[in-house]
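Data from model-v7.cif: mmCIF, C-alpha atoms
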```cif
data_query
#
loop_
_atom_site.label_atom_id
_atom_site.label_comp_id
_atom_site.auth_asym_id
_atom_site.auth_seq_id
_atom_site.Cartn_x
_atom_site.Cartn_y
_atom_site.Cartn_z
CA MET A 1029 76.18 78.74 90.64
CA LYS A 1030 74.92 81.09 87.89
CA ASN A 1031 75.70 78.43 85.27
CA LYS A 1032 73.64 75.84 87.17
CA PHE A 1033 70.60 78.13 87.19
CA LEU A 1034 71.11 78.86 83.50
CA LEU A 1035 71.21 75.14 82.61
CA LEU A 1036 68.14 74.50 84.78
CA GLY A 1037 66.26 77.27 82.99
CA ILE A 1038 67.18 75.88 79.55
CA ALA A 1039 66.09 72.37 80.58
CA LEU A 1040 62.71 73.58 81.85
CA ALA A 1041 62.19 75.61 78.70
CA SER A 1042 62.96 72.54 76.56
CA LEU A 1043 60.51 70.33 78.47
CA THR A 1044 57.81 72.98 78.15
CA ALA A 1045 58.42 73.28 74.41
CA CYS A 1046 57.94 69.51 73.94
CA LYS A 1047 54.46 69.50 75.45
CA THR A 1048 51.34 69.80 73.36
CA ALA A 1049 50.10 73.34 73.33
CA SER A 1050 47.13 73.78 75.63
CA ALA A 1051 44.34 76.32 75.54
CA PRO A 1052 45.31 79.67 76.95
CA GLN A 1053 44.31 80.19 80.56
CA LEU A 1054 42.62 83.39 81.65
CA VAL A 1055 44.20 85.03 84.66
CA ASN A 1056 42.42 87.44 86.93
CA VAL A 1057 44.48 90.61 87.10
CA LYS A 1058 43.69 93.11 89.82
CA THR A 1059 44.31 96.74 89.06
CA GLN A 1060 46.42 98.41 91.73
CA LYS A 1061 46.19 102.05 92.67
CA ASN A 1062 49.28 104.19 92.04
CA ILE A 1063 50.48 106.20 95.01
CA SER A 1064 52.04 109.54 94.14
CA ILE A 1065 54.88 110.75 96.30
CA ASN A 1066 53.93 114.37 96.99
CA ASN A 1067 52.96 116.71 99.81
CA GLU A 1068 49.66 114.89 100.26
CA LEU A 1069 51.43 111.65 101.24
CA LYS A 1070 51.15 111.32 105.00
CA ASN A 1071 54.17 110.64 107.18
CA ASP A 1072 54.50 107.41 109.08
CA GLU A 1073 53.81 108.90 112.50
CA GLU A 1074 55.50 106.09 114.42
CA PHE A 1075 58.65 106.36 112.32
CA VAL A 1076 58.72 110.16 112.62
CA LYS A 1077 58.31 109.85 116.39
CA PHE A 1078 61.12 107.28 116.53
CA ILE A 1079 63.69 109.37 114.63
CA GLU A 1080 62.78 112.76 116.13
CA PRO A 1081 65.27 112.58 119.06
CA TYR A 1082 68.08 111.67 116.64
CA LYS A 1083 67.05 114.45 114.25
CA GLN A 1084 67.07 117.02 117.06
CA LYS A 1085 70.51 115.88 118.19
CA LEU A 1086 71.87 116.02 114.62
CA ASP A 1087 70.33 119.46 113.97
CA LYS A 1088 71.84 120.80 117.18
CA GLU A 1089 75.28 119.51 116.21
CA MET A 1090 75.10 120.70 112.61
CA ASN A 1091 73.96 124.18 113.60
CA GLN A 1092 76.83 124.83 115.99
CA LYS A 1093 79.02 127.82 115.15
CA ILE A 1094 82.63 126.91 114.35
CA SER A 1095 83.93 130.21 112.94
CA HIS A 1096 82.92 133.55 111.42
CA THR A 1097 83.59 135.42 108.19
CA SER A 1098 83.14 139.13 107.55
CA VAL A 1099 82.92 138.57 103.78
CA ASP A 1100 81.24 136.09 101.46
CA LEU A 1101 83.47 133.11 100.76
CA THR A 1102 83.06 132.29 97.07
CA LYS A 1103 84.62 130.01 94.48
CA GLN A 1104 84.40 132.42 91.55
CA GLY A 1105 87.49 133.74 89.80
CA ASP A 1106 90.95 132.32 89.24
CA ASN A 1107 92.00 133.18 92.81
CA SER A 1108 88.77 132.78 94.76
CA ASN A 1109 88.95 133.49 98.48
CA LEU A 1110 87.29 130.19 99.44
CA GLY A 1111 89.49 128.23 97.04
CA ASN A 1112 92.66 129.87 98.37
CA LEU A 1113 91.51 129.32 101.97
CA LEU A 1114 90.82 125.60 101.55
CA ALA A 1115 94.04 125.09 99.58
CA ASP A 1116 95.91 126.76 102.46
CA TYR A 1117 94.16 124.50 104.97
CA THR A 1118 95.18 121.49 102.87
CA PHE A 1119 98.77 122.74 102.83
CA GLU A 1120 98.87 123.38 106.58
CA GLY A 1121 97.20 120.08 107.51
CA GLY A 1122 99.43 118.09 105.18
CA ASN A 1123 102.49 119.90 106.51
CA GLU A 1124 101.60 119.11 110.13
CA TRP A 1125 101.16 115.44 109.28
CA ILE A 1126 104.36 114.98 107.28
CA LYS A 1127 106.46 116.79 109.88
CA ALA A 1128 105.19 114.46 112.58
CA HIS A 1129 105.45 111.24 110.56
CA LEU A 1130 108.25 111.71 108.02
CA LYS A 1131 110.21 114.70 109.33
CA GLN A 1132 109.65 116.47 106.01
CA ASN A 1133 107.85 119.62 104.87
CA VAL A 1134 105.04 120.04 102.38
CA ASP A 1135 106.11 122.35 99.55
CA ALA A 1136 102.72 123.14 98.03
CA ALA A 1137 99.07 122.10 97.89
CA LEU A 1138 96.54 121.67 95.10
CA ILE A 1139 92.81 120.94 95.24
CA ASN A 1140 90.07 120.96 92.60
CA ILE A 1141 87.44 123.68 92.33
CA GLY A 1142 84.83 121.05 91.45
CA GLY A 1143 85.29 119.48 94.88
CA ILE A 1144 84.10 122.72 96.48
CA ARG A 1145 80.38 122.24 96.06
CA THR A 1146 79.00 125.57 97.29
CA THR A 1147 79.88 128.89 98.89
CA ILE A 1148 79.71 130.24 102.45
CA GLY A 1149 77.86 133.49 103.07
CA LYS A 1150 79.03 136.33 105.29
CA GLY A 1151 78.38 135.73 108.99
CA ASP A 1152 78.65 132.75 111.30
CA ILE A 1153 80.10 129.59 109.77
CA LEU A 1154 78.17 126.55 110.97
CA LEU A 1155 79.29 122.95 110.97
CA LYS A 1156 76.68 122.10 108.34
CA ASN A 1157 78.21 124.70 106.00
CA VAL A 1158 81.43 122.70 105.79
CA PHE A 1159 79.46 119.50 105.04
CA GLU A 1160 77.69 121.39 102.23
CA VAL A 1161 80.99 122.70 100.85
CA MET A 1162 82.72 119.30 101.10
CA PRO A 1163 80.13 116.47 101.04
CA PHE A 1164 82.64 113.87 99.85
CA GLU A 1165 84.78 111.44 101.85
CA ASN A 1166 88.04 112.42 100.17
CA GLU A 1167 91.28 112.13 102.11
CA VAL A 1168 94.48 114.16 102.12
CA VAL A 1169 97.30 112.53 100.18
CA ILE A 1170 100.85 113.81 99.88
CA VAL A 1171 102.53 113.12 96.55
CA LYS A 1172 106.33 113.04 96.46
CA MET A 1173 107.55 114.22 93.06
CA LYS A 1174 110.83 115.09 91.40
CA GLY A 1175 111.11 118.72 90.35
CA ALA A 1176 111.57 117.62 86.76
CA ASP A 1177 108.16 115.92 86.83
CA LEU A 1178 106.36 119.02 88.10
CA GLN A 1179 106.45 120.46 84.59
CA GLY A 1180 103.41 118.29 83.90
CA LEU A 1181 101.52 120.09 86.67
CA PHE A 1182 102.34 123.52 85.25
CA GLU A 1183 101.49 122.46 81.71
CA TYR A 1184 98.15 121.12 82.94
CA TYR A 1185 97.21 124.61 84.16
CA ALA A 1186 98.47 126.22 80.96
CA LYS A 1187 96.34 123.87 78.89
CA THR A 1188 93.13 123.85 80.96
CA GLN A 1189 93.24 127.34 82.54
CA VAL A 1190 90.86 126.00 85.18
CA ASN A 1191 90.85 127.74 88.55
CA ASN A 1192 91.78 124.69 90.62
CA PRO A 1193 93.02 126.31 93.87
CA VAL A 1194 96.69 126.11 94.87
CA SER A 1195 98.77 127.06 97.89
CA HIS A 1196 102.45 128.07 97.88
CA LEU A 1197 102.41 127.87 94.09
CA TYR A 1198 102.48 130.61 91.47
CA ILE A 1199 101.63 129.71 87.89
CA GLU A 1200 101.64 132.26 85.09
CA THR A 1201 100.65 131.31 81.56
CA LYS A 1202 100.17 133.03 78.22
CA ASN A 1203 98.70 131.61 75.02
CA GLY A 1204 98.69 128.11 76.50
CA GLN A 1205 102.34 128.25 77.54
CA VAL A 1206 103.90 128.39 81.00
CA ILE A 1207 105.96 131.57 81.33
CA LYS A 1208 106.54 131.52 85.09
CA SER A 1209 106.25 128.82 87.75
CA LEU A 1210 107.30 129.11 91.38
CA ILE A 1211 107.07 127.00 94.54
CA ASN A 1212 107.36 129.04 97.73
CA GLY A 1213 108.54 131.94 95.59
CA LYS A 1214 111.42 129.95 94.10
CA THR A 1215 112.00 128.33 90.73
CA VAL A 1216 111.76 124.57 90.64
CA ASP A 1217 114.92 122.52 91.09
CA PRO A 1218 114.62 119.55 88.66
CA ALA A 1219 116.71 117.31 90.93
CA LYS A 1220 114.91 118.09 94.18
CA ASP A 1221 112.11 116.05 95.77
CA TYR A 1222 108.92 118.05 96.34
CA TYR A 1223 105.94 117.11 98.51
CA ILE A 1224 102.53 118.19 97.22
CA ALA A 1225 99.42 117.92 99.43
CA THR A 1226 96.25 117.11 97.52
CA SER A 1227 93.21 114.81 97.64
CA ASP A 1228 93.19 111.07 97.00
CA TYR A 1229 90.83 111.74 94.07
CA LEU A 1230 93.36 113.97 92.31
CA ALA A 1231 96.35 111.84 93.30
CA LEU A 1232 94.70 108.98 91.42
CA GLY A 1233 94.36 111.09 88.26
CA GLY A 1234 90.95 112.67 88.87
CA ASP A 1235 90.08 115.71 86.73
CA ASN A 1236 92.66 114.37 84.27
CA MET A 1237 95.58 115.26 86.56
CA LYS A 1238 97.69 112.46 85.16
CA PHE A 1239 100.95 114.17 86.13
CA PHE A 1240 100.54 112.85 89.70
CA ALA A 1241 101.15 109.32 88.35
CA LYS A 1242 104.87 110.14 88.14
CA GLY A 1243 105.03 110.64 91.89
CA GLU A 1244 104.77 108.50 95.01
CA SER A 1245 101.49 108.83 96.90
CA ILE A 1246 101.63 108.91 100.69
CA ALA A 1247 98.32 108.33 102.47
CA THR A 1248 97.63 110.36 105.61
CA GLY A 1249 94.25 108.92 106.57
CA ILE A 1250 92.96 112.48 107.17
CA LYS A 1251 89.50 113.29 105.82
CA MET A 1252 89.61 116.62 104.02
CA ARG A 1253 86.30 117.70 105.54
CA ASP A 1254 87.56 116.91 109.05
CA LEU A 1255 90.69 118.91 108.32
CA PHE A 1256 88.68 121.91 107.14
CA ILE A 1257 86.43 121.75 110.21
CA ASP A 1258 89.47 121.63 112.47
CA TYR A 1259 91.06 124.69 110.86
CA PHE A 1260 87.83 126.68 110.87
CA LYS A 1261 87.57 125.97 114.59
CA ARG A 1262 91.13 127.20 115.08
CA SER A 1263 90.22 130.57 113.54
CA PRO A 1264 87.31 132.35 115.29
CA GLU A 1265 87.51 134.91 112.47
CA VAL A 1266 88.49 133.66 109.02
CA VAL A 1267 91.45 135.42 107.44
CA VAL A 1268 90.80 135.63 103.70
CA ASN A 1269 93.69 135.26 101.25
CA SER A 1270 92.94 136.70 97.83
CA ASP A 1271 96.52 136.96 96.56
CA VAL A 1272 97.24 136.05 92.94
CA ARG A 1273 98.41 132.46 92.57
CA LEU A 1274 97.03 131.64 89.13
CA ASN A 1275 97.69 134.22 86.43
CA PHE A 1276 96.26 133.22 83.05
CA ILE A 1277 97.29 136.10 80.79
CA GLY A 1278 94.88 136.56 77.88
CA LYS A 1279 92.37 134.04 79.27
CA LYS A 1280 89.07 134.27 77.42
#
```
Please, can you express the file's structure as structure tokens?
Amino acid sequence: MKNKFLLLGIALASLTACKTASAPQLVNVKTQKNISINNELKNDEEFVKFIEPYKQKLDKEMNQKISHTSVDLTKQGDNSNLGNLLADYTFEGGNEWIKAHLKQNVDAALINIGGIRTTIGKGDILLKNVFEVMPFENEVVIVKMKGADLQGLFEYYAKTQVNNPVSHLYIETKNGQVIKSLINGKTVDPAKDYYIATSDYLALGGDNMKFFAKGESIATGIKMRDLFIDYFKRSPEVVVNSDVRLNFIGKK
């Protein structure tokens, strides 16, 4: 269809070019007024009136309390309390799913710090806070990997030294080299199959996590944000985990 329109345009242009040039025609051009979008621009009252009931309902839902924290939940540092918490939620949610569907256990979890978009202040945790922290539609994916292929994961952390949160993993590096790596407190068995809970974004190689390509991705259909909301609701008072999971010795 595009080719037909292109040929028609060329034909019309050719016919026009063959005609004798005529005197230029003057066209009346009306100057239009620019409308600036600022505080002086009035609302469409009918539209505002129409959406108000929906806005009130949404505000009421978003402002509902789902949990509480006695400390600020932040994403700063190599073992941030919010990062550790959400990595643990990813581990627990992935573990529940795989037990029910595949009769297996998740061995560890890994999420990216960039996916945590903001922090949560001390006090009541509202539903809207979780939407602000996780505004994306990412889903939980479980990647089945051979122990021998997990070396790529550890080397990724040694190279980048980025504080991407982990759960049930301990990674210690020095001068860009891995000097200690544990899953559930144990050294990795190269011949064993391991199940790592993560996001679909990372499982597909996001944030340059190409090591996941060596594994088999298992979709759960669980939205990460829904999972986080569910686990916040399960804990009236958030229990913060600030244990050391990433230890970058000599990090600048």
What are the nearest atom pairs, with distances in Å to one decimal, for all residues of range 1151-1234 of chain A that come at most 12 Å from range 1240-1253 of chain A, using all atoms listed in the file, set out by chain and rising residue number as a tab-separated table?
```
residue	atom	partner	partner_atom	distance
A:Leu1155	CA	A:Arg1253	CA	10.3
A:Lys1156	CA	A:Arg1253	CA	10.9
A:Asn1157	CA	A:Arg1253	CA	10.7
A:Val1158	CA	A:Arg1253	CA	7.0
A:Phe1159	CA	A:Arg1253	CA	7.1
A:Glu1160	CA	A:Arg1253	CA	9.9
A:Val1161	CA	A:Arg1253	CA	8.7
A:Met1162	CA	A:Arg1253	CA	5.9
A:Pro1163	CA	A:Arg1253	CA	7.7
A:Phe1164	CA	A:Arg1253	CA	7.8
A:Glu1165	CA	A:Lys1251	CA	6.4
A:Asn1166	CA	A:Lys1251	CA	5.9
A:Glu1167	CA	A:Lys1251	CA	4.3
A:Val1168	CA	A:Ile1250	CA	5.5
A:Val1169	CA	A:Ala1247	CA	4.9
A:Ile1170	CA	A:Ile1246	CA	5.0
A:Val1171	CA	A:Ser1245	CA	4.4
A:Lys1172	CA	A:Glu1244	CA	5.0
A:Met1173	CA	A:Gly1243	CA	4.5
A:Lys1174	CA	A:Gly1243	CA	7.3
A:Gly1175	CA	A:Gly1243	CA	10.2
A:Ala1176	CA	A:Lys1242	CA	10.1
A:Asp1177	CA	A:Lys1242	CA	6.8
A:Leu1178	CA	A:Phe1240	CA	8.6
A:Gln1179	CA	A:Phe1240	CA	10.9
A:Gly1180	CA	A:Phe1240	CA	8.5
A:Leu1181	CA	A:Phe1240	CA	7.9
A:Phe1182	CA	A:Phe1240	CA	11.7
A:Tyr1184	CA	A:Phe1240	CA	10.9
A:Asp1221	CA	A:Gly1243	CA	9.7
A:Tyr1222	CA	A:Gly1243	CA	9.5
A:Tyr1223	CA	A:Gly1243	CA	9.3
A:Ile1224	CA	A:Ser1245	CA	9.4
A:Ala1225	CA	A:Ile1246	CA	9.4
A:Thr1226	CA	A:Met1252	CA	9.3
A:Ser1227	CA	A:Met1252	CA	7.5
A:Asp1228	CA	A:Ala1247	CA	8.0
A:Tyr1229	CA	A:Phe1240	CA	10.7
A:Leu1230	CA	A:Phe1240	CA	7.7
A:Ala1231	CA	A:Phe1240	CA	5.6
A:Leu1232	CA	A:Ala1241	CA	7.2
A:Gly1233	CA	A:Phe1240	CA	6.6
A:Gly1234	CA	A:Phe1240	CA	9.6
```
As a check of understanding: the span from CA of Val1076 in chain A to CA of Leu1154 in chain A is 25.5 Å
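The spacing separating CA of Leu1130 in chain A from CA of Tyr1117 in chain A amounts to 19.3 Å.
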Min atom-atom distance to Asp1106 in chain A from the set A:Ile1153, A:Ile1141, A:Leu1210, A:Ala1128, counting all atoms listed in the file, belongs to A:Ile1141
Worksheet entry | Given the PyMOL selection byres ((chain A and resi 1204-1209) around 7), the residues it picks as a PyMOL selection string | chain A and resi 1182-1183+1186-1187+1198-1203+1210+1215
*Can you list what the PyMOL selection byres ((chain A and resi 1265) around 6) grabs from this structure, as a ChimeraX atom specification?*
/A:1095-1097,1263-1264,1266
Any chance you can output those residues with C-alpha atoms as a short mmCIF file (atom, residue, chain, number, x, y, z; two decimals), in the frame of the given file?
```
data_model
loop_
_atom_site.label_atom_id
_atom_site.label_comp_id
_atom_site.auth_asym_id
_atom_site.auth_seq_id
_atom_site.Cartn_x
_atom_site.Cartn_y
_atom_site.Cartn_z
CA SER A 1095 83.93 130.21 112.94
CA HIS A 1096 82.92 133.55 111.42
CA THR A 1097 83.59 135.42 108.19
CA SER A 1263 90.22 130.57 113.54
CA PRO A 1264 87.31 132.35 115.29
CA VAL A 1266 88.49 133.66 109.02
#
```
Please report the interatomic distance between CA of Gln1092 in chain A and CA of Glu1120 in chain A in Å with one decimal.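 Those two atoms sit 24.0 Å apart.
Of the listed residues A:Pro1193, A:Gly1142, A:Gly1213, A:Gly1151, the one whose atoms come nearest to Asp1116 in chain A is A:Pro1193, with distances taken using only C-alpha atoms.
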- Message: Residues within 7 Å of Ile1148 in chain A, please, as JSON, numbers by chain. Count all atoms listed in the file; anything in the same chain fewer than 3 positions from it doesn't count.
- Response: {"A": [1100, 1101, 1102, 1157]}
